[in-house]
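These notes concern the structure reproduced below.
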Amino acid sequence: MPVLSAETAVLAVVLIAVLSLIAMIAWAKVQPLLAFVVASILAALLLQMSLEKVAKSIETGIGSMIGSLAVLLAFGAIFGKIVADSGAAKKISIVLIKAFGDKRIALALCLTGFIVGIPLFYNVGFVLLVPLIFSVARQSGKPIVYLALPVMAGLSISHGFLPPHPSPAAIVPMFGADMGLTLIYGLIVGIPTALVAGPVFALSAKHIVANPPQLFVVDEVADDKLPSAANSFLTALLPVILLSAFTLLGYYDGLDAQAKGLIAFLGHPMIVMLVSVVVAVVTLGLGRGMRLGDLMAGSGTALREIAPILLIIAGAGALKQIFVDGGVNDQLGHMLKSLPVPPLVLGWLIAGVIRLALGSATVAGLTAAGLVAPLVAASGVDPNLMVLAIGAGSLMFSHVNDSGFWMFKEYFGLSVKDTLRSWTLMEGLVGICGLIFTLLLSQVVS
C-alpha cells in the first residue's frame with residue numbers, strides 16, 4: 001500500500017476537518033461552537049498532535065480570537081445600536097439616497113465601505129456600517145443582501161490590500177517594499193476590484209432573503225425627530241475620523257517616545273470605539289433629550305445579540321489554532337512553493353490555500369509572505385505588487401472557518417447556503433479580480 005507524503009497527508013487532514021465541519025453545521029444542524037470544537041479535536045488527532053496539547057491549543061485559539069474581538073465587537077454593537085435608535089442611521093441613509101439617487105445607492109455604499117475601511121480595522125468597520133445598511137434597506141425598499149455586499153466588498157479590499165492594516169503593513173518591510181507606493185498601487189487595484197465584487201456582483205444576489213436579528217432592527221424615528229445631518233455624519237464617522245487622525249500622527253517623526261505612546265493608546269481601536277460610544281451617548285442621546293436609562297436598555301439588547309456571534313468566532317479560532325500548531329500552514333506552503341507558476345500568481349495561490357485551511361486573512365497573508373520572500377528578491381518581481389497579490393489571495397475562499405463568514409451570516413440572518421452564495425462568492429471575486437488587476441498593473445509599471 002503506498003504511503004502518503006507529508007504534504008498530501010496534511011492536505012487530506014484539512015479536507016477531512018473542513019468537510020466534517022460543513023457536514024455538522026449545514027446537514028446535521030449541530031451548534032457551530034460545538035461543531036468547531038469537535039472538528040478541532042478530529043483534526044488534532046489526525047495530525048497526531050500530543051494529546052496533552054490538544055485542549056491547550058483549543059483554549060489558546062479561542063482566547064486569542066475572543067481576546068482581540070470581544071470588547072471591540074461589544075463596543076461596536078453598542079455604538080451601532082445608539083446610531084440606529086437615535087435615528088442617525090436613518091438620517092444618513094436619507095442624505096445618501098438623495099445625493100446618489102436610488103439607482104446608484106449600491107455604488108455609494110461600496111465606496112463608503114472602501115473609504116471607511118482604509119483607517120478602520122475590518123471588524124470595526126463591519127459593526128459601524130451594519131446599522132446604515134439596515135436603514136438604507138428600509139428607506140429604499142431594496143434587499144438587504146444586495147446592499148450589504150457592496151459595503152463588505154469595499155471593507156474587505158481595504159483590509160487585505162491597504163496599509164496600515166495588519167497584513168499589508170507587516171508584509172511591506174518583509175519584501176523591502178515602499179509603504180506609500182503600495183498604498184497607491186492598492187488604490188489603483190482596489191477600486192475596480194470593489195466595483196466588480198460589490199455593486200456588479202450584488203445584482204445576482206437580489207433574490208436572497210435576509211432575516212436579521214433585532215440588534216439593529218428598530219422602530220422608525222419620525223422625520224421631524226431625527227438628528228441633524230451634521231450631527232449624524234460626524235458622530236457616526238467619529239471612529240473613522242479618530243483612527244485616521246491618530247494613524248497620520250503616528251507617522252510624524254517629530255514626536256518623542258511619550259507622545260508616540262499616548263497616540264498609540266488613544267489610537268487603539270478599542271479606545272477609539274469607547275470614546276465614540278461616550279460621544280454618541282451625549283450627542284445623539286442626552287443632548288437631544290433622551291434618557292440615559294433608555295440608551296443603556298438598548299445597549300443591553302445589543303450585547304445579548306452579540307453573544308452568539310462571539311461564540312461562533314471563538315470556535316473558528318480553535319480550529320485555526322489546531323491547524324497552526326499542527327504545522328498545516330508550513331506543510332501546505334512548502335508543497336505549493338515548488339509549483340511552476342509566475343511569482344505573483346504563486347504568492348496569490350499560497351495565500352489562498354492557507355486562507356482556505358485556516359480562515360484568517362492576516363495569518364494567510366503573513367504565512368505566504370514568509371514563504372515567497374526569497375522569491376521576490378530572486379525573481380526581480382515588484383515587491384509592492386507582490387504585497388497586493390498576496391493580499392488578494394488572503395481574501396479568497398472564505399467559508400465556515402472564517403469569523404467574517406459567521407459575522408455576515410448572523411448579522412443578516414442567512415442560512416449557510418445563502419452565505420456561501422453571497423459572502424463566499426463575493427470574497428472569491430475580490431481575490432480573483434484583485435489578482436487580475438494586479439497582473440495588469442504589473443504590465444504597466446514594468
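Just so we're on the same page: first chain in the C-alpha cells is A, next is B, and so on; residues restart at 1 for each chain, and ligands are numbered from 1 in the order they show up.
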
query = Contacts of range 168-173 of chain A at 10 Å or less, counting only C-alpha atoms, minus same-chain residues fewer than 2 places along, as number ranges by chain?
reply = A: 158-166, 175-180, 182-183, 186, 362, 365-370, 373, 383-384, 386-388, 390-391

Hey, can you spit out that residue selection with N, CA, C and O atoms as a tab-separated table (two decimals), in the first residue's frame?
```tsv
chain	number	residue	atom	x	y	z
A	158	SER	N	-9.99	47.00	1.47
A	158	SER	CA	-9.14	47.85	2.29
A	158	SER	C	-8.36	47.03	3.31
A	158	SER	O	-7.18	47.29	3.56
A	159	HIS	N	-9.00	46.02	3.88
A	159	HIS	CA	-8.37	45.17	4.89
A	159	HIS	C	-7.23	44.35	4.30
A	159	HIS	O	-6.17	44.20	4.92
A	160	GLY	N	-7.41	43.83	3.10
A	160	GLY	CA	-6.41	42.93	2.52
A	160	GLY	C	-5.33	43.62	1.73
A	160	GLY	O	-4.21	43.11	1.63
A	161	PHE	N	-5.63	44.81	1.14
A	161	PHE	CA	-4.70	45.44	0.22
A	161	PHE	C	-3.93	46.62	0.80
A	161	PHE	O	-2.80	46.88	0.37
A	162	LEU	N	-4.54	47.37	1.69
A	162	LEU	CA	-4.04	48.70	2.00
A	162	LEU	C	-3.40	48.81	3.38
A	162	LEU	O	-4.02	48.46	4.38
A	163	PRO	N	-2.16	49.30	3.46
A	163	PRO	CA	-1.63	49.73	4.76
A	163	PRO	C	-2.50	50.88	5.26
A	163	PRO	O	-3.04	51.63	4.44
A	164	PRO	N	-2.71	51.06	6.57
A	164	PRO	CA	-1.99	50.43	7.67
A	164	PRO	C	-2.64	49.18	8.25
A	164	PRO	O	-2.46	48.90	9.43
A	165	HIS	N	-3.41	48.45	7.47
A	165	HIS	CA	-4.00	47.22	8.00
A	165	HIS	C	-2.90	46.20	8.30
A	165	HIS	O	-1.83	46.22	7.67
A	166	PRO	N	-3.13	45.31	9.28
A	166	PRO	CA	-2.05	44.47	9.82
A	166	PRO	C	-1.27	43.68	8.79
A	166	PRO	O	-0.04	43.72	8.77
A	175	PHE	N	9.28	42.46	2.32
A	175	PHE	CA	9.68	42.44	0.92
A	175	PHE	C	10.57	43.62	0.54
A	175	PHE	O	11.02	43.70	-0.61
A	176	GLY	N	10.78	44.54	1.47
A	176	GLY	CA	11.51	45.75	1.14
A	176	GLY	C	10.70	46.66	0.23
A	176	GLY	O	11.26	47.44	-0.56
A	177	ALA	N	9.39	46.59	0.32
A	177	ALA	CA	8.52	47.43	-0.49
A	177	ALA	C	8.39	48.82	0.13
A	177	ALA	O	8.87	49.08	1.23
A	178	ASP	N	7.73	49.71	-0.59
A	178	ASP	CA	7.52	51.08	-0.12
A	178	ASP	C	6.07	51.24	0.33
A	178	ASP	O	5.14	50.96	-0.44
A	179	MET	N	5.88	51.69	1.57
A	179	MET	CA	4.53	51.78	2.13
A	179	MET	C	3.64	52.70	1.31
A	179	MET	O	2.49	52.37	1.00
A	180	GLY	N	4.16	53.87	0.95
A	180	GLY	CA	3.36	54.82	0.19
A	180	GLY	C	3.01	54.32	-1.19
A	180	GLY	O	1.86	54.45	-1.65
A	182	THR	N	2.91	51.19	-2.18
A	182	THR	CA	1.98	50.07	-2.03
A	182	THR	C	0.55	50.58	-1.83
A	182	THR	O	-0.41	50.02	-2.39
A	183	LEU	N	0.41	51.65	-1.06
A	183	LEU	CA	-0.92	52.23	-0.84
A	183	LEU	C	-1.49	52.76	-2.16
A	183	LEU	O	-2.67	52.55	-2.47
A	186	GLY	N	-2.38	49.91	-4.28
A	186	GLY	CA	-3.56	49.28	-3.69
A	186	GLY	C	-4.85	50.00	-4.05
A	186	GLY	O	-5.88	49.36	-4.31
A	362	THR	N	-5.26	37.50	7.77
A	362	THR	CA	-3.99	38.01	8.26
A	362	THR	C	-2.95	36.90	8.36
A	362	THR	O	-1.81	37.05	7.90
A	365	GLY	N	-1.93	35.81	4.82
A	365	GLY	CA	-1.04	36.77	4.18
A	365	GLY	C	0.37	36.72	4.72
A	365	GLY	O	1.34	36.68	3.96
A	366	LEU	N	0.50	36.70	6.03
A	366	LEU	CA	1.83	36.70	6.65
A	366	LEU	C	2.56	35.38	6.39
A	366	LEU	O	3.78	35.38	6.16
A	367	THR	N	1.83	34.26	6.42
A	367	THR	CA	2.47	32.97	6.17
A	367	THR	C	2.96	32.89	4.73
A	367	THR	O	4.09	32.46	4.47
A	368	ALA	N	2.11	33.30	3.79
A	368	ALA	CA	2.50	33.28	2.38
A	368	ALA	C	3.68	34.20	2.14
A	368	ALA	O	4.61	33.87	1.38
A	369	ALA	N	3.69	35.36	2.77
A	369	ALA	CA	4.79	36.30	2.59
A	369	ALA	C	6.11	35.72	3.05
A	369	ALA	O	7.15	35.87	2.38
A	370	GLY	N	6.10	35.01	4.18
A	370	GLY	CA	7.32	34.40	4.66
A	370	GLY	C	7.85	33.33	3.73
A	370	GLY	O	9.08	33.15	3.61
A	373	ALA	N	9.09	35.28	0.26
A	373	ALA	CA	10.03	36.40	0.38
A	373	ALA	C	11.34	36.15	-0.38
A	373	ALA	O	11.85	37.05	-1.07
A	383	PRO	N	8.10	44.28	-5.51
A	383	PRO	CA	7.64	43.86	-4.18
A	383	PRO	C	6.31	44.49	-3.78
A	383	PRO	O	5.54	43.89	-3.03
A	384	ASN	N	6.05	45.70	-4.28
A	384	ASN	CA	4.77	46.35	-3.96
A	384	ASN	C	3.60	45.58	-4.56
A	384	ASN	O	2.55	45.44	-3.94
A	386	MET	N	3.68	42.34	-5.21
A	386	MET	CA	3.58	41.07	-4.50
A	386	MET	C	2.75	41.23	-3.23
A	386	MET	O	2.00	40.32	-2.85
A	387	VAL	N	2.87	42.38	-2.57
A	387	VAL	CA	2.03	42.65	-1.39
A	387	VAL	C	0.56	42.56	-1.78
A	387	VAL	O	-0.27	41.96	-1.07
A	388	LEU	N	0.21	43.15	-2.92
A	388	LEU	CA	-1.18	43.15	-3.37
A	388	LEU	C	-1.63	41.76	-3.80
A	388	LEU	O	-2.77	41.36	-3.53
A	390	ILE	N	-0.56	38.85	-2.72
A	390	ILE	CA	-0.77	38.05	-1.51
A	390	ILE	C	-2.02	38.53	-0.78
A	390	ILE	O	-2.81	37.73	-0.26
A	391	GLY	N	-2.24	39.85	-0.74
A	391	GLY	CA	-3.45	40.38	-0.12
A	391	GLY	C	-4.69	39.86	-0.80
A	391	GLY	O	-5.68	39.49	-0.12
```

request  = Would you mind listing what lies within 9 Å of Ile208 in chain A as an MDAnalysis selection string, with only C-alpha atoms counted and same-chain residues fewer than 3 positions away left out?
outcome  = chainID A and resid 143:146 204:205 414 418 421:422

key: All helix (DSSP H, G or I) positions in range 197-379 of chain A, as a VMD selection string   = chain A and resid 197 to 205 223 to 225 229 to 236 238 to 250 257 to 266 269 to 288 292 to 325 328 to 337 343 to 358 361 to 379

inquiry  = So the first atom is CA of Ile58 in chain A and the second is CA of Ala318 in chain A; what is the distance between them in Å, to one decimal place?
reply    =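 Separation between CA of Ile58 in chain A and CA of Ala318 in chain A: 4.6 Å.
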
Write out as a tab-separated table the residues of range 282-334 of chain A that have any atom within 7 Å of an atom of range 29-47 of chain A, one row each with the nearest atom pair and its distance in Å to one decimal, counting only C-alpha atoms, sorted by chain and then rising number.
```
residue	atom	partner	partner_atom	distance
A:Leu311	CA	A:Leu33	CA	6.1
A:Ile312	CA	A:Leu33	CA	5.2
A:Gly315	CA	A:Leu33	CA	4.9
A:Ala316	CA	A:Phe36	CA	6.4
A:Ala318	CA	A:Ser40	CA	6.5
A:Leu319	CA	A:Ser40	CA	4.8
A:Ile322	CA	A:Ala44	CA	6.2
A:Gly326	CA	A:Leu47	CA	6.2
```

Go ahead and save the picked residues with N, CA, C and O atoms, as a PDB file, in the first residue's frame.
```pdb
ATOM      1  N   LEU A 311     -19.354  33.505  20.228  1.00  0.00           N
ATOM      2  CA  LEU A 311     -19.095  32.088  20.451  1.00  0.00           C
ATOM      3  C   LEU A 311     -18.724  31.383  19.143  1.00  0.00           C
ATOM      4  O   LEU A 311     -17.853  30.509  19.123  1.00  0.00           O
ATOM      5  N   ILE A 312     -19.361  31.758  18.072  1.00  0.00           N
ATOM      6  CA  ILE A 312     -19.032  31.157  16.779  1.00  0.00           C
ATOM      7  C   ILE A 312     -17.622  31.557  16.356  1.00  0.00           C
ATOM      8  O   ILE A 312     -16.834  30.737  15.869  1.00  0.00           O
ATOM      9  N   GLY A 315     -15.110  29.539  18.129  1.00  0.00           N
ATOM     10  CA  GLY A 315     -14.928  28.211  17.556  1.00  0.00           C
ATOM     11  C   GLY A 315     -13.993  28.228  16.358  1.00  0.00           C
ATOM     12  O   GLY A 315     -13.147  27.344  16.192  1.00  0.00           O
ATOM     13  N   ALA A 316     -14.131  29.258  15.508  1.00  0.00           N
ATOM     14  CA  ALA A 316     -13.236  29.396  14.358  1.00  0.00           C
ATOM     15  C   ALA A 316     -11.790  29.556  14.817  1.00  0.00           C
ATOM     16  O   ALA A 316     -10.860  29.043  14.191  1.00  0.00           O
ATOM     17  N   ALA A 318     -10.471  28.241  17.488  1.00  0.00           N
ATOM     18  CA  ALA A 318      -9.977  26.939  17.956  1.00  0.00           C
ATOM     19  C   ALA A 318      -9.443  26.101  16.801  1.00  0.00           C
ATOM     20  O   ALA A 318      -8.341  25.537  16.871  1.00  0.00           O
ATOM     21  N   LEU A 319     -10.205  26.006  15.713  1.00  0.00           N
ATOM     22  CA  LEU A 319      -9.772  25.206  14.568  1.00  0.00           C
ATOM     23  C   LEU A 319      -8.529  25.809  13.923  1.00  0.00           C
ATOM     24  O   LEU A 319      -7.605  25.092  13.530  1.00  0.00           O
ATOM     25  N   ILE A 322      -5.453  24.849  15.979  1.00  0.00           N
ATOM     26  CA  ILE A 322      -5.075  23.445  15.778  1.00  0.00           C
ATOM     27  C   ILE A 322      -4.274  23.310  14.485  1.00  0.00           C
ATOM     28  O   ILE A 322      -3.237  22.626  14.429  1.00  0.00           O
ATOM     29  N   GLY A 326      -0.426  22.349  14.472  1.00  0.00           N
ATOM     30  CA  GLY A 326      -0.158  21.072  13.813  1.00  0.00           C
ATOM     31  C   GLY A 326       0.759  21.190  12.608  1.00  0.00           C
ATOM     32  O   GLY A 326       1.066  20.179  11.970  1.00  0.00           O
TER      33      GLY A 326
END
```

inquiry  = Between CA of Val10 in chain A and CA of Met407 in chain A, what distance in Å does the model show, to one decimal?
reply    = 28.2 Å

request  = Do a neighbour search on Leu238 in chain A at 10 Å with only C-alpha atoms, toss out local chain neighbours closer than 5 positions, and write the hits as a ChimeraX atom specification.
outcome  = /A:232-233,243-244,272-273,275-277,279-280

Export of prior selection with N, CA, C and O atoms as a JSON list (two decimals), in the first residue's frame:
```json
[["chain", "number", "residue", "atom", "x", "y", "z"],
["A", 232, "SER", "N", -25.42, 63.62, 12.72],
["A", 232, "SER", "CA", -25.47, 62.21, 12.35],
["A", 232, "SER", "C", -24.17, 61.76, 11.70],
["A", 232, "SER", "O", -23.59, 60.74, 12.09],
["A", 233, "PHE", "N", -23.70, 62.50, 10.71],
["A", 233, "PHE", "CA", -22.50, 62.11, 9.99],
["A", 233, "PHE", "C", -21.26, 62.19, 10.88],
["A", 233, "PHE", "O", -20.43, 61.28, 10.90],
["A", 243, "LEU", "N", -9.43, 57.42, 14.13],
["A", 243, "LEU", "CA", -8.39, 56.48, 13.70],
["A", 243, "LEU", "C", -7.54, 57.07, 12.59],
["A", 243, "LEU", "O", -6.33, 56.85, 12.54],
["A", 244, "SER", "N", -8.16, 57.81, 11.68],
["A", 244, "SER", "CA", -7.39, 58.46, 10.61],
["A", 244, "SER", "C", -6.39, 59.45, 11.20],
["A", 244, "SER", "O", -5.22, 59.49, 10.80],
["A", 272, "VAL", "N", -10.74, 53.94, 20.73],
["A", 272, "VAL", "CA", -11.49, 54.77, 19.79],
["A", 272, "VAL", "C", -12.98, 54.45, 19.87],
["A", 272, "VAL", "O", -13.82, 55.36, 19.90],
["A", 273, "MET", "N", -13.33, 53.17, 19.93],
["A", 273, "MET", "CA", -14.74, 52.81, 20.00],
["A", 273, "MET", "C", -15.36, 53.21, 21.33],
["A", 273, "MET", "O", -16.53, 53.62, 21.38],
["A", 275, "VAL", "N", -14.46, 55.85, 23.19],
["A", 275, "VAL", "CA", -14.68, 57.29, 23.10],
["A", 275, "VAL", "C", -15.89, 57.58, 22.20],
["A", 275, "VAL", "O", -16.72, 58.45, 22.51],
["A", 276, "SER", "N", -16.01, 56.84, 21.11],
["A", 276, "SER", "CA", -17.13, 57.06, 20.18],
["A", 276, "SER", "C", -18.47, 56.75, 20.85],
["A", 276, "SER", "O", -19.46, 57.46, 20.61],
["A", 277, "VAL", "N", -18.51, 55.70, 21.68],
["A", 277, "VAL", "CA", -19.75, 55.37, 22.40],
["A", 277, "VAL", "C", -20.13, 56.51, 23.34],
["A", 277, "VAL", "O", -21.30, 56.94, 23.39],
["A", 279, "VAL", "N", -19.27, 59.70, 23.18],
["A", 279, "VAL", "CA", -19.69, 60.86, 22.40],
["A", 279, "VAL", "C", -21.09, 60.65, 21.84],
["A", 279, "VAL", "O", -21.93, 61.56, 21.85],
["A", 280, "ALA", "N", -21.38, 59.43, 21.35],
["A", 280, "ALA", "CA", -22.70, 59.15, 20.79],
["A", 280, "ALA", "C", -23.79, 59.26, 21.86],
["A", 280, "ALA", "O", -24.89, 59.76, 21.58]]
```

message = Which residue is closest to Leu237 in chain A? Choose from A:Ser379, A:Ala257, A:Gly80, A:Val196 and count only C-alpha atoms.
response = A:Gly80

request  = Skip Phe408 in chain A itself and residues of its chain fewer than 6 positions away, then list as a count of residues only all residues within 12 Å of it, counting only C-alpha atoms.
outcome  = 34

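Interatomic distance, CA of Gly289 in chain A to CA of Ala77 in chain A: 22.0 Å.
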
ask   = Counting only C-alpha atoms, what is within 10 Å of Met296 in chain A, bar same-chain residues fewer than 3 positions away, as a list in words?
value =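 Residues meeting the cut-off are Ile78, Lys81, Ile82, Val281, Arg291, Leu292, Gly293, Ser299, Gly300, Thr301 and Ala302 of chain A.
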
Those same residues - N, CA and C atoms - I'd like them written as a PDB file, in the first residue's frame.
```
ATOM      1  N   ILE A  78     -22.844  48.357  20.663  1.00  0.00           N
ATOM      2  CA  ILE A  78     -23.498  49.418  21.437  1.00  0.00           C
ATOM      3  C   ILE A  78     -23.535  50.715  20.638  1.00  0.00           C
ATOM      4  N   LYS A  81     -26.050  50.456  17.894  1.00  0.00           N
ATOM      5  CA  LYS A  81     -27.409  50.496  18.424  1.00  0.00           C
ATOM      6  C   LYS A  81     -27.838  51.926  18.712  1.00  0.00           C
ATOM      7  N   ILE A  82     -26.932  52.720  19.265  1.00  0.00           N
ATOM      8  CA  ILE A  82     -27.245  54.125  19.546  1.00  0.00           C
ATOM      9  C   ILE A  82     -27.464  54.890  18.241  1.00  0.00           C
ATOM     10  N   VAL A 281     -23.481  58.808  23.067  1.00  0.00           N
ATOM     11  CA  VAL A 281     -24.441  58.937  24.163  1.00  0.00           C
ATOM     12  C   VAL A 281     -24.810  60.400  24.385  1.00  0.00           C
ATOM     13  N   ARG A 291     -33.215  59.750  27.624  1.00  0.00           N
ATOM     14  CA  ARG A 291     -32.765  59.376  28.957  1.00  0.00           C
ATOM     15  C   ARG A 291     -31.657  58.340  28.877  1.00  0.00           C
ATOM     16  N   LEU A 292     -30.717  58.438  29.820  1.00  0.00           N
ATOM     17  CA  LEU A 292     -29.594  57.512  29.844  1.00  0.00           C
ATOM     18  C   LEU A 292     -30.073  56.073  30.029  1.00  0.00           C
ATOM     19  N   GLY A 293     -31.106  55.881  30.845  1.00  0.00           N
ATOM     20  CA  GLY A 293     -31.639  54.542  31.074  1.00  0.00           C
ATOM     21  C   GLY A 293     -32.158  53.901  29.801  1.00  0.00           C
ATOM     22  N   SER A 299     -28.490  49.215  24.782  1.00  0.00           N
ATOM     23  CA  SER A 299     -27.155  48.619  24.801  1.00  0.00           C
ATOM     24  C   SER A 299     -27.195  47.193  25.317  1.00  0.00           C
ATOM     25  N   GLY A 300     -28.043  46.952  26.314  1.00  0.00           N
ATOM     26  CA  GLY A 300     -28.188  45.591  26.822  1.00  0.00           C
ATOM     27  C   GLY A 300     -28.687  44.638  25.763  1.00  0.00           C
ATOM     28  N   THR A 301     -29.633  45.106  24.961  1.00  0.00           N
ATOM     29  CA  THR A 301     -30.133  44.289  23.851  1.00  0.00           C
ATOM     30  C   THR A 301     -29.010  43.982  22.867  1.00  0.00           C
ATOM     31  N   ALA A 302     -28.192  44.993  22.578  1.00  0.00           N
ATOM     32  CA  ALA A 302     -27.077  44.813  21.639  1.00  0.00           C
ATOM     33  C   ALA A 302     -26.108  43.748  22.130  1.00  0.00           C
TER      34      ALA A 302
END
```

Top pick for closest residue to Leu19 in chain A, considering A:Ser228, A:Thr283, A:Asn401, A:Gln139 and counting only C-alpha atoms = A:Asn401

request  = Fewer than 4 positions away in the same chain doesn't count, so skip those; otherwise give me all residues within 12 Å of range 267-269 of chain A, counting only C-alpha atoms, as JSON, numbers by chain.
outcome  = {"A": [68, 69, 71, 72, 73, 75, 76, 119, 120, 121, 122, 123, 124, 125, 165, 238, 239, 240, 241, 242, 243, 244, 245, 246, 247, 248, 249, 250, 259, 260, 261, 262, 263, 273, 274, 275, 276]}
